[in-house]
Structures are given as C-alpha cells and as structure tokens.
Amino acid sequence: MRYSDFAVFVLMAGFYVAGTAAIGRIEIAGLFIKPGEIVSPLIALFGVPALLGFLFGQFMTNSASPFGPMDLLTTIFALAGLLAIYLMRRQSVLLGALIYAVLTGIWTAYLISTVTGALLSEALMAAVGGQLITVIAGYLVYSWLRRLEPFRPIHAQSIEQHHYSEYERR
Amino acid sequence: MSAETNAHAAHEEHEEGSIWPAIVGLNTIALIAGLILLLKGIYTTVGLILVFYFIALLVVFVVFEVRQWQHVISSFFERLQKTPIPAEPEKVGSVGFPTALFLLTETAFFASAFGAYFLIRSTFPVWPPPGAPHLENFIPRIQTIILLTSSVTIELAVWSAKKGNNRGVLAGILATMVLGIVFMGLKLGIEWPRLIYELGFTPASGFYGSSFYILTGVHGAHVVGGIIVLAIAAGRAKLGHFKPKSHGFLDAVSLYWNFVDLIWLMLFLIIWEGAFLW
C-alpha cells in the first residue's frame with residue numbers, strides 16, 4: 001500500500017458518507033437523489049483504492065439506511081457498476097457511469113418497492129432517474145478534475161500506458 | 001577537537017545511555033499498582049506509599065535532569081537540521097515500518113473499542129436505552145465535513161512537498177491544523193457542554209453515556225495528538241525540511257490524519273446515524 005492509496009480510500013469513503021449521510025438523501029420532483037453518488041465516476045481517475053473506498057463508504061452508510069438491512073446488498077450491485085466504470089475508463093467513462101446508474105437504480109427501485117410497497121414503475125422512475133442525474137453531475141466533476149494539475153499526471157500517465165499497450169498489441 | 005566539543009560528545013553519549021527511561025518506566029508499574037490498591041480500597045496504605053514513591057522519584061528525576069534539558073533540546077534541533085528526512089523509510093509495502101506498526105496498534109485499539117460497544121449494545125433489548133436523550137446530529141454533520149476537508153488539505157500539503165512548493169506545504173499543514181482545532185472546538189465548546197449541562201447526559205448516564213464519551217473522547221484525543229504532530233510538521237516545513245524526494249515524515253502524518261478521519265466516519269455513522277440498528 002502506498003500512502004496516497006490510503007488517502008484516496010479515505011477521501012472516497014468520506015465523500016460518500018458526507019454526501020449521503022451528512023448532507024442527506026434528497027428528493028427533487030419525485031426523483032430519489034443521493035449526493036454521495038456524485039463521486040462514482042472519479043473511480044476512472046483514481047483507480048482501485050477509490051473503488052474500495054467508495055464501496056466501504058457505501059456499505060457503512062447503508063448500515064444506517066432507512067430501508068433496513070436489505071440496503072447492504074446495494075454494495076454488490078454497486079461493485080458491478082463501479083467495475084464497469086473502472087474497466088471502461090479508457091473507452092468511455094460516461095458510458096461506464098451510465099451502466100452504474102442503471103444497475104444501481106434498478107436495484108434501488110426494487111428495494112424501495114419491496115420495503116415501502118410503492119409501485120415498481122414509480123420507484124424505477126424515481127431511482128433510475130435520480131441516479132442518472134447524479135452520475136451525469138459526477139461526470140462533469142470528473143471532466144473538470146482531470147484538467148486540474150494535481151490529477152493531470154495520473155490521467156496523462158494512464159493515457160500514455162494505454163497508447164503503449166495499443167502499440168504493443170499491434 | 002576542542003575540550004568543549006569533547007565534553008559535549010561525552011554528554012551526548014551519556015544521554016544515549018541514560019538509565020532514567022528504564023527507572024521511570026518500571027516505576028510507572030508501581031504507580032499503576034498503587035492506584036489500583038488505593039482506588040479499589042484493597043490496601044490503602046500500601047497504595048498511598050506506592051503513589052508517593054512514584055511522585056518522589058519523579059521529583060528526583062526532574063531535579064537531577066532538568067539542568068541538562070536546555071542542552072538536550074538544542075542539540076536535538078541541531079541534529080534535526082542536519083538530518084534529511086528519508087522519503088522512503090523501511091518498508092512494509094511502501095509504508096514505513098514504524099508507521100505501519102503504529103497504525104496496526106491503533107486499528108487493534110479501535111477495533112476492540114467498537115467490538116466492546118457492539119457486544120454490550122447487543123445485550124440491550126432496545127437501543128438507545130429508554131430514557132436516553134436524543135443525540136442531535138447537526139454538529140457531527142458539520143464535523144464530518146470539516147474532517148473531510150482537512151484530509152483534502154493535508155493531501156494538498158503532501159502534493160506541494162512533491163512539487164517542492166514549501167509555502168504550499170506550510171499552508172496545507174496550517175489549514176489542516178485550523179480545521180482540527182475547529183473540530184475540537186465544536187466538540188468541547190458546544191456539543192459536550194450542551195449534552196452535559198442542558199440535557200444532563202454525562203459519562204455516568206449508564207452504558208450509553210459512558211460508551212458515547214469514551215468513543216468520542218478517545219477519538220478527540222487522537223485529533224489533539226494529530227494537531228500536535230501537525231504543529232511539529234509545520235515547524236519542520238518552516239525550516240524547509242520537506243523536499244520532493246524527502247518528505248517521509250509528512251507522508252506518515254497524512255496517513256495518521258486520514259486514519260483519524262476514517263475512524264470519525266465510522267463513529268458518526270454508528271453513534272449518530274444509528275448504523276446496524278435493525
């Protein structure tokens with residue numbers, strides 16, 4: 001473990017907890033929004049430590065979820081979605097983020113309808129719609145961050161590695 | 001070599017081989033034994049003797065050693081200025097061995113504290129216990145955001161060190177210190193007085209009260225420890241000790257601070273947000 005890996009892990013967990021528990025879940029125009037989810041596309045920038053930090057933060061936050069223990073399973077669906085972001089980071093971060101939003105949105109909708117008895121169609125609208133808005137906002141944050149100096153070398157390095165592996169493949 | 005330098009060298013040798021740490025360490029056992037005997041009322045006289053024995057020894061230590069402290073401190077800083085900070089100390093997967101060992105003991109400590117909390121909580125049919133006050137989470141929410149921001153500022157200090165920007169290092173460390181002080185100010189200046197004086201929620205308010213104050217108090221003590229270490233790091237940044245290839249101490253400080261932040265996240269969720277309360 002490098003020092004910076006632990007920092008990334010804590011910061012991602014922290015942003016998730018602060019965004020979801022400290023700020024709180026928000027309902028706008030019937031859409032179910034968790035502000036902590038905004039950081040999900042940043043996994044493309046910070047890699048595996050960020051992925052693990054996000055999952056840890058989500059698991060801990062969901063342990064205090066109003067939806068009960070079933071919400072802990074959200075982490076499994078989140079893992080699948082986050083892996084999509086991570087594995088597709090060189091092709092399209094936005095596409096990976098959208099896959100994440102749809103996967104976790106469908107699961108959250110099922111969770112809401114099971115726990116509260118709401119109609120699945122309405123829950124789907126609220127959860128998937130909310131997740132899509134959140135990850136798109138997150139993608140904008142990602143696009144802005146990767147232009148900043150502290151993060152530019154990491155990004156440039158990953159692109160360089162990509163070009164090198166492409167060259168190797170040919 | 002002059003006579004004075006020789007004398008200093010001999011003195012330094014004497015400091016390295018001092019027997020006092022061993023004597024004070026061993027007598028701490030006498031102090032603890034004395035306190036146990038005294039507070040439990042087993043052998044009050046023996047307990048008192050042991051406590052006074054420790055105090056007497058401490059007085060002897062101060063009287064004999066205090067004359068040399070000025071020289072010890074000045075020679076320490078003299079050596080410090082000449083010693084480069086290793087960028088990569090002994091490694092345990094890139095983390096310095098002393099830091100890794102320290103964090104391991106800290107993890108074990110907090111794991112046992114949380115373990116004890118959950119174990120006792122599981123014996124209560126309802127949690128929080130009936131009659132316990134509702135803990136407002138407004139201040140802890142602000143504290144969460146403050147500590148998170150402080151993790152960002154300490155990382156900016158590390159990044160500045162890597163870039164060779166000494167002013168950035170100092171600014172990052174000072175910002176982290178200020179945020180840590182604000183965090184403690186909110187806890188000791190607003191939250192705890194309100195709980196103790198307005199709601200009557202004290203460490204004596206049953207297990208709920210004692211566990212709350214132990215967990216948040218121990219975490220607070222770690223934040224205070226972090227602020228002290230940050231002050232040392234700020235002093236070293238002012239002396240221009242941190243270089244792009246030599247900032248191991250700052251790395252270790254940032255690791256510790258992030259660890260304290262991580263513990264707070266768990267405390268916040270478990271105590272105020274009611275994690276695992278199904």
# chains A, B, ... in the order shown; residues from 1 in each chain; ligands from 1
call {"tool": "interface_residues", "arguments": {"of": "chain B", "to": "chain A", "cutoff": "8 Å", "atoms": "only C-alpha atoms", "output": "number ranges by chain"}}
result
B: 93-95, 141-142, 144-145, 148, 151-152, 155, 159, 251-252, 254-255, 258-259, 261-262, 265-266, 269-270, 273-278
call {"tool": "select_by_dssp", "arguments": {"residues": "chain A", "states": "strand (DSSP E)", "output": "VMD selection string"}}
result
chain A and resid 26 to 28 31 to 33
call {"tool": "closest_residue", "arguments": {"among": "A:Ala84, A:Leu111, A:Val141, A:Leu120", "to": "Leu72 of chain A", "atoms": "only C-alpha atoms"}}
result
A:Leu111
call {"tool": "closest_residue", "arguments": {"among": "B:Ile19, B:Ile271, B:Ile263, B:Val63", "to": "Leu103 of chain B", "atoms": "only C-alpha atoms"}}
result
B:Ile263
call {"tool": "residues_around", "arguments": {"residues": "Leu174 of chain B", "least_positions_apart": "3", "cutoff": "12 Å", "atoms": "only C-alpha atoms", "output": "PDB file with N, CA and C atoms, in the first residue's frame"}}
result
ATOM      1  N   SER B 150     -10.229  18.612   5.957  1.00  0.00           N
ATOM      2  CA  SER B 150      -8.858  18.573   6.480  1.00  0.00           C
ATOM      3  C   SER B 150      -8.033  17.460   5.825  1.00  0.00           C
ATOM      4  N   THR B 153      -6.842  19.014   2.677  1.00  0.00           N
ATOM      5  CA  THR B 153      -5.760  20.000   2.853  1.00  0.00           C
ATOM      6  C   THR B 153      -4.425  19.318   3.178  1.00  0.00           C
ATOM      7  N   ILE B 154      -4.468  18.219   3.953  1.00  0.00           N
ATOM      8  CA  ILE B 154      -3.191  17.545   4.270  1.00  0.00           C
ATOM      9  C   ILE B 154      -2.628  16.886   3.007  1.00  0.00           C
ATOM     10  N   LEU B 156      -3.057  18.117   0.040  1.00  0.00           N
ATOM     11  CA  LEU B 156      -2.502  19.235  -0.740  1.00  0.00           C
ATOM     12  C   LEU B 156      -1.095  19.562  -0.241  1.00  0.00           C
ATOM     13  N   ALA B 157      -0.893  19.446   1.075  1.00  0.00           N
ATOM     14  CA  ALA B 157       0.446  19.687   1.646  1.00  0.00           C
ATOM     15  C   ALA B 157       1.435  18.652   1.101  1.00  0.00           C
ATOM     16  N   ARG B 167       5.879  26.771   0.520  1.00  0.00           N
ATOM     17  CA  ARG B 167       4.795  27.611   1.043  1.00  0.00           C
ATOM     18  C   ARG B 167       3.471  26.834   1.009  1.00  0.00           C
ATOM     19  N   GLY B 168       3.300  26.063  -0.049  1.00  0.00           N
ATOM     20  CA  GLY B 168       2.096  25.229  -0.165  1.00  0.00           C
ATOM     21  C   GLY B 168       2.040  24.186   0.931  1.00  0.00           C
ATOM     22  N   VAL B 169       3.222  23.622   1.262  1.00  0.00           N
ATOM     23  CA  VAL B 169       3.293  22.608   2.325  1.00  0.00           C
ATOM     24  C   VAL B 169       2.839  23.233   3.640  1.00  0.00           C
ATOM     25  N   LEU B 170       3.414  24.396   3.941  1.00  0.00           N
ATOM     26  CA  LEU B 170       3.097  25.072   5.203  1.00  0.00           C
ATOM     27  C   LEU B 170       1.616  25.456   5.243  1.00  0.00           C
ATOM     28  N   ALA B 171       1.114  25.988   4.126  1.00  0.00           N
ATOM     29  CA  ALA B 171      -0.296  26.397   4.079  1.00  0.00           C
ATOM     30  C   ALA B 171      -1.212  25.194   4.291  1.00  0.00           C
ATOM     31  N   MET B 177      -4.395  21.990  10.531  1.00  0.00           N
ATOM     32  CA  MET B 177      -4.378  22.262  11.978  1.00  0.00           C
ATOM     33  C   MET B 177      -5.589  23.083  12.398  1.00  0.00           C
ATOM     34  N   VAL B 178      -5.875  24.137  11.629  1.00  0.00           N
ATOM     35  CA  VAL B 178      -7.009  25.014  11.967  1.00  0.00           C
ATOM     36  C   VAL B 178      -8.311  24.212  11.940  1.00  0.00           C
ATOM     37  N   LEU B 179      -8.467  23.373  10.915  1.00  0.00           N
ATOM     38  CA  LEU B 179      -9.696  22.576  10.809  1.00  0.00           C
ATOM     39  C   LEU B 179      -9.796  21.589  11.978  1.00  0.00           C
ATOM     40  N   GLY B 180      -8.657  21.023  12.377  1.00  0.00           N
ATOM     41  CA  GLY B 180      -8.644  20.124  13.536  1.00  0.00           C
ATOM     42  C   GLY B 180      -9.030  20.865  14.808  1.00  0.00           C
ATOM     43  N   ILE B 181      -8.543  22.091  14.962  1.00  0.00           N
ATOM     44  CA  ILE B 181      -8.871  22.886  16.153  1.00  0.00           C
ATOM     45  C   ILE B 181     -10.368  23.253  16.148  1.00  0.00           C
ATOM     46  N   ILE B 227      -3.046  17.194  15.989  1.00  0.00           N
ATOM     47  CA  ILE B 227      -2.767  18.635  15.914  1.00  0.00           C
ATOM     48  C   ILE B 227      -1.332  18.907  16.399  1.00  0.00           C
ATOM     49  N   ILE B 228      -0.920  18.198  17.473  1.00  0.00           N
ATOM     50  CA  ILE B 228       0.450  18.383  17.993  1.00  0.00           C
ATOM     51  C   ILE B 228       1.473  17.956  16.938  1.00  0.00           C
ATOM     52  N   VAL B 229       1.232  16.797  16.320  1.00  0.00           N
ATOM     53  CA  VAL B 229       2.163  16.302  15.292  1.00  0.00           C
ATOM     54  C   VAL B 229       2.177  17.252  14.088  1.00  0.00           C
ATOM     55  N   LEU B 230       0.988  17.795  13.758  1.00  0.00           N
ATOM     56  CA  LEU B 230       0.921  18.761  12.653  1.00  0.00           C
ATOM     57  C   LEU B 230       1.718  20.015  12.985  1.00  0.00           C
ATOM     58  N   ALA B 231       1.698  20.415  14.267  1.00  0.00           N
ATOM     59  CA  ALA B 231       2.474  21.589  14.685  1.00  0.00           C
ATOM     60  C   ALA B 231       3.971  21.326  14.481  1.00  0.00           C
ATOM     61  N   ILE B 232       4.398  20.090  14.810  1.00  0.00           N
ATOM     62  CA  ILE B 232       5.813  19.727  14.590  1.00  0.00           C
ATOM     63  C   ILE B 232       6.125  19.757  13.085  1.00  0.00           C
ATOM     64  N   ALA B 233       5.186  19.196  12.301  1.00  0.00           N
ATOM     65  CA  ALA B 233       5.383  19.187  10.834  1.00  0.00           C
ATOM     66  C   ALA B 233       5.443  20.618  10.297  1.00  0.00           C
ATOM     67  N   ALA B 234       4.611  21.507  10.869  1.00  0.00           N
ATOM     68  CA  ALA B 234       4.622  22.913  10.422  1.00  0.00           C
ATOM     69  C   ALA B 234       5.978  23.549  10.732  1.00  0.00           C
ATOM     70  N   GLY B 235       6.516  23.227  11.920  1.00  0.00           N
ATOM     71  CA  GLY B 235       7.831  23.737  12.293  1.00  0.00           C
ATOM     72  C   GLY B 235       8.903  23.272  11.325  1.00  0.00           C
ATOM     73  N   ALA B 237       8.360  22.292   8.253  1.00  0.00           N
ATOM     74  CA  ALA B 237       8.103  22.910   6.939  1.00  0.00           C
ATOM     75  C   ALA B 237       8.691  24.314   6.911  1.00  0.00           C
ATOM     76  N   LYS B 238       8.573  25.014   8.048  1.00  0.00           N
ATOM     77  CA  LYS B 238       9.123  26.382   8.138  1.00  0.00           C
ATOM     78  C   LYS B 238      10.643  26.354   7.996  1.00  0.00           C
TER      79      LYS B 238
END
call {"tool": "decode", "arguments": {"residues": "segment 162-246 of chain B", "atoms": "C-alpha atoms", "output": "PDB file, in the first residue's frame"}}
result
ATOM      1  CA  LYS B 162       6.318  16.533  -4.012  1.00  0.00           C
ATOM      2  CA  LYS B 163       6.304  19.666  -6.172  1.00  0.00           C
ATOM      3  CA  GLY B 164       8.909  21.387  -3.974  1.00  0.00           C
ATOM      4  CA  ASN B 165       6.462  24.155  -3.058  1.00  0.00           C
ATOM      5  CA  ASN B 166       7.360  24.838   0.583  1.00  0.00           C
ATOM      6  CA  ARG B 167       4.795  27.611   1.043  1.00  0.00           C
ATOM      7  CA  GLY B 168       2.096  25.229  -0.165  1.00  0.00           C
ATOM      8  CA  VAL B 169       3.293  22.608   2.325  1.00  0.00           C
ATOM      9  CA  LEU B 170       3.097  25.072   5.203  1.00  0.00           C
ATOM     10  CA  ALA B 171      -0.296  26.397   4.079  1.00  0.00           C
ATOM     11  CA  GLY B 172      -1.697  22.863   3.774  1.00  0.00           C
ATOM     12  CA  ILE B 173      -0.440  21.849   7.214  1.00  0.00           C
ATOM     13  CA  LEU B 174      -1.692  25.031   8.882  1.00  0.00           C
ATOM     14  CA  ALA B 175      -5.123  24.705   7.215  1.00  0.00           C
ATOM     15  CA  THR B 176      -5.344  21.106   8.475  1.00  0.00           C
ATOM     16  CA  MET B 177      -4.378  22.262  11.978  1.00  0.00           C
ATOM     17  CA  VAL B 178      -7.009  25.014  11.967  1.00  0.00           C
ATOM     18  CA  LEU B 179      -9.696  22.576  10.809  1.00  0.00           C
ATOM     19  CA  GLY B 180      -8.644  20.124  13.536  1.00  0.00           C
ATOM     20  CA  ILE B 181      -8.871  22.886  16.153  1.00  0.00           C
ATOM     21  CA  VAL B 182     -12.331  23.925  14.873  1.00  0.00           C
ATOM     22  CA  PHE B 183     -13.396  20.267  15.056  1.00  0.00           C
ATOM     23  CA  MET B 184     -12.303  20.064  18.702  1.00  0.00           C
ATOM     24  CA  GLY B 185     -13.800  23.484  19.422  1.00  0.00           C
ATOM     25  CA  LEU B 186     -17.211  22.287  18.245  1.00  0.00           C
ATOM     26  CA  LYS B 187     -16.924  19.144  20.357  1.00  0.00           C
ATOM     27  CA  LEU B 188     -15.585  20.640  23.592  1.00  0.00           C
ATOM     28  CA  GLY B 189     -17.056  24.124  23.241  1.00  0.00           C
ATOM     29  CA  ILE B 190     -20.587  23.435  22.019  1.00  0.00           C
ATOM     30  CA  GLU B 191     -21.599  19.783  21.813  1.00  0.00           C
ATOM     31  CA  TRP B 192     -20.335  18.333  25.091  1.00  0.00           C
ATOM     32  CA  PRO B 193     -21.308  21.319  27.306  1.00  0.00           C
ATOM     33  CA  ARG B 194     -24.800  21.205  25.803  1.00  0.00           C
ATOM     34  CA  LEU B 195     -25.123  17.474  26.450  1.00  0.00           C
ATOM     35  CA  ILE B 196     -23.717  17.686  29.985  1.00  0.00           C
ATOM     36  CA  TYR B 197     -25.299  20.910  31.299  1.00  0.00           C
ATOM     37  CA  GLU B 198     -28.536  21.150  29.305  1.00  0.00           C
ATOM     38  CA  LEU B 199     -29.510  17.503  28.870  1.00  0.00           C
ATOM     39  CA  GLY B 200     -27.703  16.063  31.895  1.00  0.00           C
ATOM     40  CA  PHE B 201     -26.115  13.420  29.657  1.00  0.00           C
ATOM     41  CA  THR B 202     -22.816  12.619  31.373  1.00  0.00           C
ATOM     42  CA  PRO B 203     -20.335   9.706  31.362  1.00  0.00           C
ATOM     43  CA  ALA B 204     -22.230   8.478  34.440  1.00  0.00           C
ATOM     44  CA  SER B 205     -25.511   8.206  32.469  1.00  0.00           C
ATOM     45  CA  GLY B 206     -25.343   4.427  32.162  1.00  0.00           C
ATOM     46  CA  PHE B 207     -23.596   2.432  29.473  1.00  0.00           C
ATOM     47  CA  TYR B 208     -24.982   4.661  26.714  1.00  0.00           C
ATOM     48  CA  GLY B 209     -23.368   7.736  28.276  1.00  0.00           C
ATOM     49  CA  SER B 210     -20.057   6.096  29.148  1.00  0.00           C
ATOM     50  CA  SER B 211     -19.672   4.457  25.721  1.00  0.00           C
ATOM     51  CA  PHE B 212     -20.512   7.752  23.983  1.00  0.00           C
ATOM     52  CA  TYR B 213     -17.912   9.726  25.936  1.00  0.00           C
ATOM     53  CA  ILE B 214     -15.249   7.002  25.758  1.00  0.00           C
ATOM     54  CA  LEU B 215     -15.538   6.534  21.981  1.00  0.00           C
ATOM     55  CA  THR B 216     -15.815  10.221  21.080  1.00  0.00           C
ATOM     56  CA  GLY B 217     -13.285  11.205  23.781  1.00  0.00           C
ATOM     57  CA  VAL B 218     -10.661   8.735  22.596  1.00  0.00           C
ATOM     58  CA  HIS B 219     -11.176   9.916  19.039  1.00  0.00           C
ATOM     59  CA  GLY B 220     -10.900  13.530  20.223  1.00  0.00           C
ATOM     60  CA  ALA B 221      -7.623  12.687  21.990  1.00  0.00           C
ATOM     61  CA  HIS B 222      -6.338  11.322  18.680  1.00  0.00           C
ATOM     62  CA  VAL B 223      -7.329  14.548  16.935  1.00  0.00           C
ATOM     63  CA  VAL B 224      -5.439  16.540  19.612  1.00  0.00           C
ATOM     64  CA  GLY B 225      -2.430  14.234  19.106  1.00  0.00           C
ATOM     65  CA  GLY B 226      -2.719  14.861  15.370  1.00  0.00           C
ATOM     66  CA  ILE B 227      -2.767  18.635  15.914  1.00  0.00           C
ATOM     67  CA  ILE B 228       0.450  18.383  17.993  1.00  0.00           C
ATOM     68  CA  VAL B 229       2.163  16.302  15.292  1.00  0.00           C
ATOM     69  CA  LEU B 230       0.921  18.761  12.653  1.00  0.00           C
ATOM     70  CA  ALA B 231       2.474  21.589  14.685  1.00  0.00           C
ATOM     71  CA  ILE B 232       5.813  19.727  14.590  1.00  0.00           C
ATOM     72  CA  ALA B 233       5.383  19.187  10.834  1.00  0.00           C
ATOM     73  CA  ALA B 234       4.622  22.913  10.422  1.00  0.00           C
ATOM     74  CA  GLY B 235       7.831  23.737  12.293  1.00  0.00           C
ATOM     75  CA  ARG B 236       9.813  21.463  10.019  1.00  0.00           C
ATOM     76  CA  ALA B 237       8.103  22.910   6.939  1.00  0.00           C
ATOM     77  CA  LYS B 238       9.123  26.382   8.138  1.00  0.00           C
ATOM     78  CA  LEU B 239      12.722  25.137   8.375  1.00  0.00           C
ATOM     79  CA  GLY B 240      12.373  23.894   4.784  1.00  0.00           C
ATOM     80  CA  HIS B 241      12.883  20.227   5.687  1.00  0.00           C
ATOM     81  CA  PHE B 242      10.417  18.755   3.200  1.00  0.00           C
ATOM     82  CA  LYS B 243      11.856  18.162  -0.247  1.00  0.00           C
ATOM     83  CA  PRO B 244      10.312  16.472  -3.319  1.00  0.00           C
ATOM     84  CA  LYS B 245      12.358  13.318  -2.646  1.00  0.00           C
ATOM     85  CA  SER B 246      12.458  13.622   1.127  1.00  0.00           C
TER      86      SER B 246
END
